[in-house]
$ cat work-v7.txt   # compact mmCIF, C-alpha atoms and all ligand atoms
# COMPACT_ATOMS: atom_id res chain seq x y z
CA MET A 17 -14.02 31.42 -17.55
CA MET A 18 -11.30 29.53 -15.80
CA ASN A 19 -9.69 30.94 -12.68
CA LYS A 20 -6.23 32.20 -13.75
CA LYS A 21 -4.34 30.83 -10.76
CA ILE A 22 -5.94 27.39 -11.16
CA LYS A 23 -5.27 27.39 -14.89
CA LYS A 24 -1.57 28.10 -14.32
CA ALA A 25 -1.33 25.48 -11.56
CA LEU A 26 -3.08 22.82 -13.67
CA ASN A 27 -0.85 23.57 -16.66
CA ASN A 28 2.10 23.12 -14.35
CA GLN A 29 0.69 19.76 -13.27
CA VAL A 30 0.35 18.65 -16.91
CA ASN A 31 4.09 19.26 -17.19
CA ALA A 32 4.73 17.39 -13.91
CA GLU A 33 2.74 14.34 -15.08
CA LEU A 34 4.53 14.36 -18.44
CA TYR A 35 7.84 14.61 -16.60
CA ALA A 36 6.86 11.63 -14.43
CA SER A 37 6.14 9.71 -17.62
CA TYR A 38 9.58 10.71 -18.97
CA LEU A 39 11.31 9.78 -15.71
CA TYR A 40 9.69 6.34 -15.68
CA LEU A 41 10.65 5.86 -19.32
CA SER A 42 14.23 6.53 -18.25
CA MET A 43 13.80 3.91 -15.50
CA CYS A 44 12.33 1.53 -18.07
CA ALA A 45 15.46 2.03 -20.19
CA TRP A 46 17.67 1.32 -17.16
CA PHE A 47 15.87 -1.98 -16.50
CA GLU A 48 16.01 -2.91 -20.20
CA ALA A 49 19.77 -2.35 -20.17
CA LYS A 50 20.08 -4.70 -17.18
CA SER A 51 17.87 -7.35 -18.86
CA LEU A 52 15.33 -7.07 -16.05
CA THR A 53 12.51 -7.24 -18.58
CA GLY A 54 9.72 -7.67 -16.04
CA PHE A 55 10.69 -4.45 -14.24
CA ALA A 56 11.09 -2.73 -17.61
CA SER A 57 7.63 -3.83 -18.69
CA TRP A 58 6.15 -2.71 -15.36
CA MET A 59 7.73 0.73 -15.82
CA ARG A 60 6.43 0.90 -19.38
CA VAL A 61 2.91 0.49 -18.00
CA GLN A 62 3.67 3.25 -15.50
CA VAL A 63 4.70 5.53 -18.37
CA GLN A 64 1.22 5.01 -19.84
CA GLU A 65 -0.38 5.71 -16.45
CA GLU A 66 1.41 9.04 -16.22
CA MET A 67 0.43 9.97 -19.77
CA PHE A 68 -3.16 9.22 -18.78
CA HIS A 69 -2.81 11.53 -15.76
CA ALA A 70 -1.45 14.31 -17.96
CA ILE A 71 -4.11 13.97 -20.66
CA LYS A 72 -6.88 13.92 -18.08
CA ILE A 73 -5.81 17.39 -16.89
CA PHE A 74 -5.25 18.49 -20.49
CA ASP A 75 -8.89 17.56 -21.23
CA TYR A 76 -10.17 19.25 -18.09
CA ILE A 77 -8.45 22.54 -18.95
CA ASN A 78 -9.97 22.40 -22.43
CA ASP A 79 -13.41 21.49 -21.09
CA ARG A 80 -13.25 24.60 -18.91
CA ASN A 81 -12.31 26.75 -21.91
CA GLY A 82 -8.82 27.24 -20.55
CA GLU A 83 -5.70 27.17 -22.65
CA VAL A 84 -3.17 24.36 -22.40
CA VAL A 85 0.40 25.61 -22.63
CA LEU A 86 3.04 22.92 -22.91
CA GLU A 87 6.50 23.62 -21.51
CA ALA A 88 9.85 21.87 -21.94
CA LEU A 89 10.48 18.71 -19.95
CA ALA A 90 13.54 18.48 -17.73
CA LYS A 91 16.13 15.79 -18.46
CA PRO A 92 15.25 12.78 -16.30
CA ASP A 93 17.73 11.01 -14.00
CA SER A 94 19.40 7.88 -15.33
CA GLY A 95 22.40 6.91 -13.23
CA TRP A 96 21.01 4.53 -10.61
CA ASP A 97 23.23 1.82 -9.17
CA SER A 98 20.68 -0.87 -8.29
CA PRO A 99 17.02 -1.86 -8.85
CA MET A 100 16.40 -0.77 -5.25
CA ALA A 101 17.82 2.70 -5.98
CA VAL A 102 15.53 3.04 -9.01
CA ILE A 103 12.40 2.07 -7.11
CA GLU A 104 13.33 4.20 -4.11
CA SER A 105 13.77 7.17 -6.41
CA ALA A 106 10.38 6.45 -8.04
CA LEU A 107 8.68 6.17 -4.65
CA LYS A 108 10.18 9.50 -3.56
CA HIS A 109 8.99 11.02 -6.81
CA GLU A 110 5.43 9.81 -6.17
CA GLN A 111 5.55 11.35 -2.68
CA LYS A 112 6.56 14.62 -4.33
CA VAL A 113 3.65 14.36 -6.78
CA THR A 114 1.26 13.72 -3.87
CA ALA A 115 2.49 16.95 -2.25
CA MET A 116 1.90 18.79 -5.54
CA ILE A 117 -1.66 17.44 -5.76
CA ASN A 118 -2.31 18.49 -2.17
CA ASP A 119 -1.05 22.01 -2.98
CA LEU A 120 -3.36 22.08 -5.99
CA VAL A 121 -6.34 21.13 -3.83
CA ASN A 122 -5.39 23.84 -1.33
CA CYS A 123 -5.23 26.32 -4.19
CA ALA A 124 -8.66 25.24 -5.48
CA LEU A 125 -10.12 25.63 -1.99
CA GLU A 126 -8.53 29.05 -1.50
CA GLU A 127 -9.90 30.19 -4.87
CA ARG A 128 -13.30 28.62 -4.06
CA ASP A 129 -13.12 26.72 -7.33
CA HIS A 130 -15.42 23.82 -6.50
CA ALA A 131 -15.24 22.22 -9.93
CA ALA A 132 -11.45 22.10 -9.80
CA ASN A 133 -11.57 20.76 -6.25
CA GLN A 134 -13.94 17.98 -7.31
CA PHE A 135 -11.80 17.18 -10.35
CA LEU A 136 -8.67 17.00 -8.21
CA GLN A 137 -10.19 14.54 -5.76
CA TRP A 138 -9.63 11.86 -8.41
CA TYR A 139 -5.90 12.61 -8.19
CA VAL A 140 -5.95 12.55 -4.39
CA ALA A 141 -7.29 8.97 -4.50
CA GLU A 142 -4.99 8.03 -7.38
CA GLN A 143 -1.92 9.13 -5.44
CA VAL A 144 -2.83 6.77 -2.59
CA GLU A 145 -2.75 3.95 -5.15
CA GLU A 146 0.44 5.21 -6.78
CA GLU A 147 2.37 5.34 -3.52
CA ALA A 148 1.02 1.93 -2.50
CA SER A 149 1.99 0.42 -5.83
CA PHE A 150 5.60 1.67 -5.75
CA GLY A 151 5.78 0.99 -2.00
CA ALA A 152 4.86 -2.67 -2.53
CA VAL A 153 7.70 -3.13 -5.04
CA TYR A 154 10.10 -1.34 -2.70
CA ASP A 155 9.12 -3.63 0.21
CA ARG A 156 9.60 -6.77 -1.90
CA LEU A 157 13.03 -5.65 -3.02
CA LYS A 158 13.97 -4.96 0.59
CA LEU A 159 12.87 -8.47 1.54
CA VAL A 160 15.04 -10.20 -1.05
CA GLY A 161 18.10 -8.01 -0.41
CA ASP A 162 21.09 -9.27 -2.43
CA ASP A 163 19.47 -12.58 -3.39
CA SER A 164 19.54 -12.77 -7.22
CA ALA A 165 17.01 -15.63 -7.31
CA GLY A 166 14.61 -13.45 -5.33
CA LEU A 167 15.18 -10.55 -7.71
CA PHE A 168 14.41 -12.71 -10.73
CA ALA A 169 11.26 -14.02 -9.03
CA ILE A 170 10.09 -10.42 -8.56
CA ASP A 171 11.02 -9.66 -12.16
CA LEU A 172 8.74 -12.47 -13.37
CA GLU A 173 5.94 -11.14 -11.21
CA MET A 174 6.43 -7.56 -12.49
CA ALA A 175 6.04 -8.76 -16.10
CA LYS A 176 2.38 -9.56 -15.47
CA ARG A 177 1.29 -5.93 -15.12
CA VAL A 178 -0.82 -4.62 -18.01
CA PHE A 179 -2.09 -1.12 -18.63
CA VAL A 180 -5.73 -0.69 -17.73
CA PRO A 181 -6.95 2.89 -18.09
CA PRO A 182 -7.84 4.06 -14.56
CA ALA A 183 -11.54 4.40 -13.79
CA PRO A 184 -12.79 7.93 -14.58
FE1 LIG B 1 0.75 10.85 -11.89
FE2 LIG B 1 2.34 8.63 -10.53
O1 LIG B 1 1.43 10.22 -10.38
$ encode --input "work-v7.txt" --output "structure tokens"
Amino acid sequence: MMNKKIKKALNNQVNAELYASYLYLSMCAWFEAKSLTGFASWMRVQVQEEMFHAIKIFDYINDRNGEVVLEALAKPDSGWDSPMAVIESALKHEQKVTAMINDLVNCALEERDHAANQFLQWYVAEQVEEEASFGAVYDRLKLVGDDSAGLFAIDLEMAKRVFVPPAP
């Protein structure tokens, strides 16, 4: 039987990953509206990544004979004023998710739930990649500043990203 506290915390994380997916879809829409199609495509891939993160926890809860309870998703932000503001907001969101994962690991350790702890280690490593990925885009945008040619060069580069399901 699944530890009650862990089950509640993991259900909460399913919602958080789905919300991240929703937030990045909102960012995708923002980039589409600005005709920055490379950024939009990159965000679309990120939406899929977040869905993958959510479903992975969904499957784990079911594997442990827990019950998945889906909650409402909050309305995502949408009113950014520049590509830099969008990416900065995404990076901050990833840092928040990392803190949530760390809290989950702490909870698993406190509850002596070794299976949950082992499962969550995948997310610990994944968050290092997530922050690095958004951080790299943020750094590039900072480098080009107000240079439109630089922004379009980054946009072309961003278009190359494709969704590859993360390694299990
Ligand atoms: Fe699911 Fe981007 O963290």
$ atom_distance --input "work-v7.txt" --atom1 "CA of Glu104 (chain A)" --atom2 "CA of Glu146 (chain A)"
13.2 Å
$ residues_around --input "work-v7.txt" --residues "Tyr76 (chain A)" --least-positions-apart "4" --cutoff "10 Å" --atoms "only C-alpha atoms" --output "PyMOL selection string"
chain A and resi 26+71-72+80-82+84+132+135
$ residues_near_ligand --input "work-v7.txt" --ligand "ligand LIG 1 (chain B)" --cutoff "12 Å" --atoms "only C-alpha atoms and all ligand atoms" --output "MDAnalysis selection string"
chainID A and resid 29:40 59 61:73 106:117 136 138:151 182
$ atom_distance --input "work-v7.txt" --atom1 "CA of Val160 (chain A)" --atom2 "CA of Phe55 (chain A)"
15.0 Å
$ atom_distance --input "work-v7.txt" --atom1 "CA of Asn28 (chain A)" --atom2 "CA of Val102 (chain A)"
24.7 Å
$ axis_aligned_box --input "work-v7.txt" --around "region 49-54 of chain A" --padding-each-side "8 Å" --output "lines of an AutoDock Vina configuration file"
center_x = 14.9
center_y = -5.0
center_z = -18.1
size_x = 26.4
size_y = 21.3
size_z = 20.1
$ closest_residue --input "work-v7.txt" --among "A:Asn133, A:Cys123, A:Ala152, A:Leu167" --to "Ser98 (chain A)" --atoms "only C-alpha atoms"
A:Leu167
$ closest_residue --input "work-v7.txt" --among "A:Ile103, A:Gly95, A:Ile170, A:Leu120" --to "Asn27 (chain A)" --atoms "only C-alpha atoms"
A:Leu120
$ closest_residue --input "work-v7.txt" --among "A:Phe168, A:Tyr154, A:Trp96, A:Phe74" --to "Trp46 (chain A)" --atoms "all atoms listed in the file"
A:Trp96
$ residues_around --input "work-v7.txt" --residues "Ser57 (chain A)" --least-positions-apart "6" --cutoff "9 Å" --atoms "all atoms listed in the file" --output "PyMOL selection string"
chain A and resi 44+47-48+174-178
$ decode --input "work-v7.txt" --residues "region 113-137 of chain A" --atoms "C-alpha atoms" --output "JSON list (two decimals), in the first residue's frame"
[["chain", "number", "residue", "atom", "x", "y", "z"],
["A", 113, "VAL", "CA", 9.92, 22.86, -9.92],
["A", 114, "THR", "CA", 13.42, 21.83, -8.78],
["A", 115, "ALA", "CA", 12.55, 23.04, -5.27],
["A", 116, "MET", "CA", 9.33, 21.00, -5.40],
["A", 117, "ILE", "CA", 11.24, 17.87, -6.43],
["A", 118, "ASN", "CA", 13.73, 18.42, -3.61],
["A", 119, "ASP", "CA", 10.83, 18.72, -1.14],
["A", 120, "LEU", "CA", 9.39, 15.49, -2.51],
["A", 121, "VAL", "CA", 12.71, 13.70, -2.00],
["A", 122, "ASN", "CA", 12.88, 15.05, 1.55],
["A", 123, "CYS", "CA", 9.37, 13.76, 2.15],
["A", 124, "ALA", "CA", 10.28, 10.31, 0.77],
["A", 125, "LEU", "CA", 13.34, 10.19, 3.03],
["A", 126, "GLU", "CA", 11.36, 11.28, 6.08],
["A", 127, "GLU", "CA", 8.74, 8.61, 5.36],
["A", 128, "ARG", "CA", 11.49, 6.04, 4.67],
["A", 129, "ASP", "CA", 9.87, 5.30, 1.33],
["A", 130, "HIS", "CA", 12.88, 3.96, -0.56],
["A", 131, "ALA", "CA", 10.98, 3.13, -3.73],
["A", 132, "ALA", "CA", 9.65, 6.68, -3.99],
["A", 133, "ASN", "CA", 13.09, 8.07, -3.25],
["A", 134, "GLN", "CA", 14.62, 5.96, -6.02],
["A", 135, "PHE", "CA", 11.85, 6.93, -8.43],
["A", 136, "LEU", "CA", 12.34, 10.61, -7.65],
["A", 137, "GLN", "CA", 16.07, 10.51, -8.36]]
